[in-house]
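Data block for my_file-v4.csv (CSV, N, CA and C atoms and all ligand atoms):
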```csv
chain,number,residue,atom,x,y,z
A,176,MET,N,-22.8,5.3,12.7
A,176,MET,CA,-22.8,4.1,12.0
A,176,MET,C,-21.4,3.7,11.6
A,177,GLU,N,-21.1,2.4,11.8
A,177,GLU,CA,-19.8,1.9,11.4
A,177,GLU,C,-20.0,1.1,10.1
A,178,PRO,N,-19.0,1.1,9.3
A,178,PRO,CA,-19.1,0.2,8.1
A,178,PRO,C,-19.4,-1.2,8.5
A,179,ALA,N,-20.4,-1.8,8.0
A,179,ALA,CA,-20.8,-3.2,8.4
A,179,ALA,C,-19.9,-4.2,7.8
A,180,GLU,N,-19.3,-3.9,6.6
A,180,GLU,CA,-18.6,-4.9,5.9
A,180,GLU,C,-17.1,-4.8,6.1
A,181,ILE,N,-16.4,-5.9,6.3
A,181,ILE,CA,-15.0,-5.9,6.3
A,181,ILE,C,-14.5,-6.1,4.9
A,182,ALA,N,-13.5,-5.3,4.6
A,182,ALA,CA,-13.0,-5.4,3.2
A,182,ALA,C,-12.3,-6.8,3.0
A,183,SER,N,-12.2,-7.2,1.8
A,183,SER,CA,-11.5,-8.4,1.5
A,183,SER,C,-10.1,-8.4,2.0
A,184,PRO,N,-9.4,-9.5,2.2
A,184,PRO,CA,-8.1,-9.5,2.7
A,184,PRO,C,-7.1,-8.7,1.8
A,185,VAL,N,-7.4,-8.8,0.6
A,185,VAL,CA,-6.5,-8.1,-0.4
A,185,VAL,C,-6.7,-6.6,-0.3
A,186,MET,N,-7.9,-6.2,-0.7
A,186,MET,CA,-8.3,-4.8,-0.8
A,186,MET,C,-9.6,-4.7,-1.4
A,187,GLY,N,-10.3,-3.6,-1.2
A,187,GLY,CA,-11.6,-3.5,-1.9
A,187,GLY,C,-11.3,-3.3,-3.3
A,188,TRP,N,-12.3,-3.8,-4.1
A,188,TRP,CA,-12.2,-3.7,-5.5
A,188,TRP,C,-12.4,-2.2,-5.9
A,189,VAL,N,-11.7,-1.7,-6.8
A,189,VAL,CA,-11.9,-0.3,-7.2
A,189,VAL,C,-13.1,-0.2,-8.2
A,190,PRO,N,-14.0,0.7,-8.0
A,190,PRO,CA,-15.1,0.8,-8.9
A,190,PRO,C,-14.6,1.0,-10.4
A,191,GLY,N,-15.3,0.3,-11.3
A,191,GLY,CA,-14.9,0.3,-12.7
A,191,GLY,C,-13.7,-0.6,-13.0
A,192,VAL,N,-13.3,-1.4,-12.0
A,192,VAL,CA,-12.2,-2.4,-12.3
A,192,VAL,C,-12.7,-3.7,-11.9
A,193,VAL,N,-12.5,-4.7,-12.8
A,193,VAL,CA,-12.9,-6.1,-12.5
A,193,VAL,C,-11.6,-7.0,-12.4
A,194,GLY,N,-11.8,-8.1,-11.7
A,194,GLY,CA,-10.8,-9.0,-11.6
A,194,GLY,C,-10.9,-10.1,-12.7
A,195,ALA,N,-9.8,-10.5,-13.3
A,195,ALA,CA,-9.8,-11.6,-14.3
A,195,ALA,C,-8.6,-12.4,-14.2
A,196,ARG,N,-8.8,-13.7,-14.4
A,196,ARG,CA,-7.7,-14.6,-14.3
A,196,ARG,C,-7.6,-15.4,-15.6
A,197,LEU,N,-6.4,-15.5,-16.1
A,197,LEU,CA,-6.2,-16.2,-17.3
A,197,LEU,C,-6.5,-17.7,-17.2
A,198,ARG,N,-7.1,-18.3,-18.2
A,198,ARG,CA,-7.4,-19.7,-18.2
A,198,ARG,C,-6.1,-20.5,-18.4
A,199,ARG,N,-6.1,-21.7,-17.9
A,199,ARG,CA,-5.0,-22.5,-18.1
A,199,ARG,C,-4.9,-23.0,-19.5
A,200,GLY,N,-3.7,-23.0,-20.0
A,200,GLY,CA,-3.5,-23.5,-21.4
A,200,GLY,C,-3.6,-22.4,-22.5
A,201,VAL,N,-3.9,-21.2,-22.0
A,201,VAL,CA,-4.0,-20.1,-23.0
A,201,VAL,C,-2.6,-19.6,-23.3
A,202,GLU,N,-2.4,-19.2,-24.6
A,202,GLU,CA,-1.1,-18.7,-25.0
A,202,GLU,C,-1.0,-17.2,-24.7
A,203,LEU,N,0.1,-16.9,-24.0
A,203,LEU,CA,0.3,-15.5,-23.7
A,203,LEU,C,0.9,-14.7,-24.9
A,204,PRO,N,0.9,-13.4,-24.9
A,204,PRO,CA,1.5,-12.6,-26.0
A,204,PRO,C,2.9,-13.0,-26.3
A,205,ASN,N,3.6,-13.4,-25.3
A,205,ASN,CA,5.0,-13.8,-25.5
A,205,ASN,C,5.2,-15.3,-25.8
A,206,ARG,N,4.1,-15.9,-26.2
A,206,ARG,CA,4.0,-17.2,-26.7
A,206,ARG,C,4.2,-18.3,-25.6
A,207,ARG,N,4.2,-17.9,-24.4
A,207,ARG,CA,4.3,-18.8,-23.3
A,207,ARG,C,2.9,-19.3,-23.0
A,208,ILE,N,2.8,-20.6,-22.5
A,208,ILE,CA,1.5,-21.1,-22.2
A,208,ILE,C,1.2,-20.9,-20.7
A,209,VAL,N,0.0,-20.5,-20.4
A,209,VAL,CA,-0.4,-20.1,-19.0
A,209,VAL,C,-0.3,-21.4,-18.2
A,210,GLY,N,0.4,-21.3,-17.1
A,210,GLY,CA,0.5,-22.4,-16.1
A,210,GLY,C,-0.1,-21.9,-14.8
A,211,GLU,N,0.1,-22.8,-13.8
A,211,GLU,CA,-0.5,-22.4,-12.5
A,211,GLU,C,0.0,-21.2,-11.9
A,212,THR,N,1.3,-20.9,-12.2
A,212,THR,CA,1.9,-19.7,-11.6
A,212,THR,C,1.4,-18.4,-12.3
A,213,ASP,N,0.8,-18.6,-13.5
A,213,ASP,CA,0.3,-17.4,-14.2
A,213,ASP,C,-1.1,-17.1,-13.8
A,214,ARG,N,-1.7,-17.9,-12.9
A,214,ARG,CA,-3.1,-17.8,-12.6
A,214,ARG,C,-3.3,-16.8,-11.5
A,215,VAL,N,-2.8,-15.6,-11.7
A,215,VAL,CA,-3.0,-14.6,-10.7
A,215,VAL,C,-4.2,-13.7,-11.2
A,216,VAL,N,-4.8,-13.0,-10.3
A,216,VAL,CA,-6.0,-12.2,-10.7
A,216,VAL,C,-5.5,-10.8,-11.1
A,217,HIS,N,-5.7,-10.5,-12.4
A,217,HIS,CA,-5.3,-9.2,-12.9
A,217,HIS,C,-6.5,-8.3,-12.7
A,218,LEU,N,-6.2,-7.0,-12.6
A,218,LEU,CA,-7.2,-6.0,-12.5
A,218,LEU,C,-7.4,-5.3,-13.8
A,219,ILE,N,-8.6,-5.2,-14.3
A,219,ILE,CA,-8.8,-4.7,-15.7
A,219,ILE,C,-9.8,-3.6,-15.6
A,220,PRO,N,-9.5,-2.4,-16.0
A,220,PRO,CA,-10.5,-1.3,-16.1
A,220,PRO,C,-11.5,-1.6,-17.1
A,221,VAL,N,-12.8,-1.5,-16.7
A,221,VAL,CA,-13.9,-1.8,-17.6
A,221,VAL,C,-14.0,-0.7,-18.6
A,222,PRO,N,-13.9,-1.0,-19.9
A,222,PRO,CA,-14.1,0.0,-21.0
A,222,PRO,C,-15.5,0.6,-20.9
A,223,ALA,N,-15.5,1.9,-21.2
A,223,ALA,CA,-16.8,2.6,-21.1
A,223,ALA,C,-17.7,2.2,-22.3
A,224,THR,N,-17.2,1.6,-23.3
A,224,THR,CA,-18.0,1.3,-24.4
A,224,THR,C,-18.9,0.0,-24.1
A,225,GLU,N,-19.9,-0.1,-24.9
A,225,GLU,CA,-20.8,-1.3,-24.6
A,225,GLU,C,-20.3,-2.5,-25.4
A,226,THR,N,-19.6,-2.3,-26.5
A,226,THR,CA,-19.2,-3.4,-27.3
A,226,THR,C,-17.9,-3.9,-26.6
A,227,MET,N,-17.7,-5.2,-26.7
A,227,MET,CA,-16.6,-5.9,-26.2
A,227,MET,C,-15.4,-5.6,-27.1
A,228,PRO,N,-14.3,-5.0,-26.6
A,228,PRO,CA,-13.2,-4.8,-27.4
A,228,PRO,C,-12.4,-6.1,-27.8
A,229,GLU,N,-11.5,-6.0,-28.7
A,229,GLU,CA,-10.8,-7.2,-29.1
A,229,GLU,C,-9.9,-7.7,-28.0
A,230,HIS,N,-9.4,-6.9,-27.2
A,230,HIS,CA,-8.7,-7.3,-26.1
A,230,HIS,C,-8.8,-6.3,-25.0
A,231,LEU,N,-8.6,-6.7,-23.8
A,231,LEU,CA,-8.6,-5.8,-22.6
A,231,LEU,C,-7.2,-5.7,-22.1
A,232,THR,N,-6.9,-4.5,-21.5
A,232,THR,CA,-5.5,-4.3,-21.0
A,232,THR,C,-5.6,-4.2,-19.5
A,233,ALA,N,-4.9,-5.1,-18.8
A,233,ALA,CA,-4.9,-5.1,-17.4
A,233,ALA,C,-4.0,-3.9,-16.9
A,234,LEU,N,-4.1,-3.6,-15.7
A,234,LEU,CA,-3.4,-2.5,-15.1
A,234,LEU,C,-1.9,-2.7,-15.2
A,235,CYS,N,-1.4,-4.0,-15.3
A,235,CYS,CA,0.0,-4.3,-15.5
A,235,CYS,C,0.4,-4.3,-16.9
A,236,ASP,N,-0.5,-3.8,-17.8
A,236,ASP,CA,-0.2,-3.8,-19.3
A,236,ASP,C,-0.3,-5.1,-20.0
A,237,LEU,N,-0.7,-6.1,-19.3
A,237,LEU,CA,-1.0,-7.4,-20.0
A,237,LEU,C,-2.2,-7.3,-20.8
A,238,GLU,N,-2.1,-7.7,-22.1
A,238,GLU,CA,-3.3,-7.7,-22.9
A,238,GLU,C,-4.0,-9.0,-22.8
A,239,ILE,N,-5.3,-9.0,-22.6
A,239,ILE,CA,-6.0,-10.2,-22.4
A,239,ILE,C,-7.2,-10.2,-23.3
A,240,ARG,N,-7.3,-11.3,-24.1
A,240,ARG,CA,-8.4,-11.5,-25.0
A,240,ARG,C,-9.6,-11.9,-24.1
A,241,PRO,N,-10.8,-11.4,-24.3
A,241,PRO,CA,-11.9,-11.7,-23.4
A,241,PRO,C,-12.1,-13.2,-23.2
A,242,GLY,N,-11.9,-14.0,-24.3
A,242,GLY,CA,-12.1,-15.5,-24.1
A,242,GLY,C,-11.0,-16.2,-23.4
A,243,ASP,N,-9.9,-15.5,-23.1
A,243,ASP,CA,-8.8,-16.2,-22.5
A,243,ASP,C,-8.8,-16.1,-21.0
A,244,ALA,N,-9.7,-15.3,-20.5
A,244,ALA,CA,-9.7,-15.1,-19.0
A,244,ALA,C,-11.1,-15.4,-18.5
A,245,GLU,N,-11.1,-15.7,-17.2
A,245,GLU,CA,-12.4,-15.9,-16.5
A,245,GLU,C,-12.5,-14.8,-15.5
A,246,HIS,N,-13.8,-14.3,-15.3
A,246,HIS,CA,-14.0,-13.3,-14.3
A,246,HIS,C,-14.0,-13.9,-12.9
A,247,VAL,N,-13.4,-13.2,-12.0
A,247,VAL,CA,-13.3,-13.7,-10.6
A,247,VAL,C,-13.8,-12.6,-9.7
A,248,ASP,N,-14.4,-13.0,-8.6
A,248,ASP,CA,-14.9,-12.0,-7.6
A,248,ASP,C,-13.8,-11.5,-6.7
A,249,ALA,N,-14.2,-10.4,-6.1
A,249,ALA,CA,-13.2,-9.7,-5.2
A,249,ALA,C,-12.7,-10.6,-4.2
A,250,GLY,N,-11.4,-10.6,-3.9
A,250,GLY,CA,-10.9,-11.4,-2.8
A,250,GLY,C,-10.6,-12.8,-3.2
A,251,THR,N,-10.8,-13.2,-4.5
A,251,THR,CA,-10.6,-14.5,-4.9
A,251,THR,C,-9.2,-14.7,-5.5
A,252,GLY,N,-8.5,-15.7,-5.1
A,252,GLY,CA,-7.2,-16.0,-5.8
A,252,GLY,C,-6.1,-15.1,-5.4
A,253,MET,N,-5.0,-15.3,-6.0
A,253,MET,CA,-3.8,-14.6,-5.8
A,253,MET,C,-3.7,-13.3,-6.7
A,254,PRO,N,-3.6,-12.2,-6.1
A,254,PRO,CA,-3.6,-11.0,-7.0
A,254,PRO,C,-2.3,-10.8,-7.7
A,255,CYS,N,-2.4,-10.2,-8.9
A,255,CYS,CA,-1.3,-9.8,-9.6
A,255,CYS,C,-0.7,-8.5,-9.0
A,256,ILE,N,0.6,-8.7,-8.5
A,256,ILE,CA,1.2,-7.6,-7.7
A,256,ILE,C,1.4,-6.3,-8.6
A,257,PRO,N,1.9,-6.4,-9.8
A,257,PRO,CA,2.0,-5.2,-10.6
A,257,PRO,C,0.6,-4.5,-10.8
A,258,CYS,N,-0.4,-5.3,-10.9
A,258,CYS,CA,-1.8,-4.7,-11.1
A,258,CYS,C,-2.1,-3.9,-9.8
A,259,LEU,N,-1.9,-4.6,-8.7
A,259,LEU,CA,-2.2,-3.9,-7.4
A,259,LEU,C,-1.5,-2.6,-7.3
A,260,ASN,N,-0.2,-2.6,-7.6
A,260,ASN,CA,0.6,-1.4,-7.5
A,260,ASN,C,0.1,-0.3,-8.5
A,261,ALA,N,-0.5,-0.7,-9.5
A,261,ALA,CA,-1.0,0.3,-10.5
A,261,ALA,C,-2.4,0.8,-10.3
A,262,VAL,N,-3.0,0.3,-9.2
A,262,VAL,CA,-4.4,0.8,-8.9
A,262,VAL,C,-4.3,2.3,-8.6
A,263,PRO,N,-5.1,3.1,-9.2
A,263,PRO,CA,-5.1,4.5,-8.9
A,263,PRO,C,-5.7,4.7,-7.5
A,264,ARG,N,-5.0,5.5,-6.7
A,264,ARG,CA,-5.4,5.6,-5.3
A,264,ARG,C,-6.2,6.9,-5.2
A,265,PRO,N,-7.5,6.8,-4.9
A,265,PRO,CA,-8.4,8.0,-4.9
A,265,PRO,C,-8.1,8.9,-3.7
A,266,ASP,N,-7.4,8.3,-2.7
A,266,ASP,CA,-7.1,9.2,-1.5
A,266,ASP,C,-5.8,9.9,-1.6
A,267,THR,N,-5.2,9.8,-2.8
A,267,THR,CA,-3.9,10.5,-3.0
A,267,THR,C,-4.3,12.0,-3.3
A,268,THR,N,-3.7,12.8,-2.5
A,268,THR,CA,-3.9,14.3,-2.7
A,268,THR,C,-2.8,14.9,-3.5
A,269,GLY,N,-3.0,16.0,-4.1
A,269,GLY,CA,-1.9,16.7,-4.8
A,269,GLY,C,-1.9,16.3,-6.2
A,270,VAL,N,-0.7,16.5,-6.8
A,270,VAL,CA,-0.6,16.3,-8.2
A,270,VAL,C,-0.6,14.9,-8.7
A,271,SER,N,-1.1,14.6,-9.8
A,271,SER,CA,-1.1,13.3,-10.4
A,271,SER,C,0.0,13.3,-11.5
A,272,GLU,N,0.9,12.3,-11.4
A,272,GLU,CA,2.0,12.3,-12.4
A,272,GLU,C,1.5,12.1,-13.8
A,273,ALA,N,0.5,11.3,-13.9
A,273,ALA,CA,0.0,10.9,-15.2
A,273,ALA,C,-0.7,12.0,-15.9
A,274,ALA,N,-1.4,12.8,-15.2
A,274,ALA,CA,-2.3,13.8,-15.8
A,274,ALA,C,-1.6,15.2,-15.9
A,275,ASP,N,-1.3,15.6,-17.1
A,275,ASP,CA,-0.8,16.9,-17.4
A,275,ASP,C,-1.9,17.7,-18.0
A,276,PRO,N,-2.2,18.8,-17.4
A,276,PRO,CA,-3.4,19.6,-17.9
A,276,PRO,C,-3.1,20.2,-19.2
A,277,ARG,N,-1.8,20.3,-19.7
A,277,ARG,CA,-1.6,20.9,-21.0
A,277,ARG,C,-1.4,19.9,-22.0
B,1,ZN,ZN,-1.7,-7.9,-13.8
```

Written form, structure tokens:
Amino acid sequence: MEPAEIASPVMGWVPGVVGARLRRGVELPNRRIVGETDRVVHLIPVPATETMPEHLTALCDLEIRPGDAEHVDAGTGMPCIPCLNAVPRPDTTGVSEAADPR
């Protein structure tokens, strides 16, 4: 059996991670207003809690208030490159730099 589905041009969405794009006109933490160039799709790890936190943190460390962003489906829009680079790669073998057992 071959995989029937072709992955999105960008990459497959990582389980537990959703795509979100800032709404136009929202004020960023650095007080800039979101314009068209800011409308990239950030990847946000879904919190394990059931309650909506005050803000979500994208993989690129951008803090997003839930009302300031819209959910987007996989393969939609222009991805945020820092977020893509920060995606944990499950196929990486060997040591993880982030996890220290002690
Ligand atoms: Zn991002």

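All residues of protein, DNA or RNA that reach within 10 Å of range 219-223 of chain A, judged by only C-alpha atoms and not counting those fewer than 4 positions away in the chain, are Val189, Pro190, Gly191, Val192, Val193, Gly194, Ala195, Met227, Pro228, Leu231, Thr232, Ala233, Leu234, Cys235, Asp236, Leu237, Glu238, Ile239, Cys258 and Val262 of chain A.
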
Practice prompt. Write out as a ChimeraX atom specification which residues come within 6 Å of Val215 in chain A when counting only N, CA and C atoms, dropping same-chain ones fewer than 6 positions away.
Written response: /A:195-197,253-255

Worksheet item: What is the distance between CA of Arg214 in chain A and CA of Ala261 in chain A, in Å to one decimal?
Response: 18.3 Å

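Nearest residue to Gly242 in chain A, choosing from A:Arg198, A:Arg206, A:His217, A:Arg264 and counting all atoms listed in the file: A:Arg198.
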
Worksheet item: Which is closest to ligand ZN 1 (chain B) among A:Pro263, A:Val216, A:Asp243, A:Thr224, if we use all atoms listed in the file?
Response: A:Val216

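Note that the spacing between CA of His230 in chain A and CA of Gly250 in chain A amounts to 23.8 Å.
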
Discussion item. Quick check, in Å to one decimal: how far apart do CA of Thr212 in chain A and CA of Val247 in chain A lie?
Written reply: 16.4 Å

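Shortest atom-to-atom contact with ligand ZN 1 (chain B) among A:Asn205, A:Gly252, A:Gly200, A:Leu259: A:Leu259, counting all atoms listed in the file.
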
Discussion item. List as a VMD selection string the residues having at least one atom at most 5 Å from position (-3.5, -24.7, -16.5) as given in the file, counting all atoms listed in the file.
Written reply: chain A and resid 199 to 200 209 to 211

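Proximity ranking of A:Leu218, A:Ile208, A:Asn260, A:Ala249 relative to ligand ZN 1 (chain B) places A:Leu218 first, based on only N, CA and C atoms and all ligand atoms.
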
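Restricting the calculation to only N, CA and C atoms and all ligand atoms, the smallest distance between ligand ZN 1 (chain B) and any of A:Ile256, A:Glu229, A:Leu203, A:Ala244 is found for A:Ile256.
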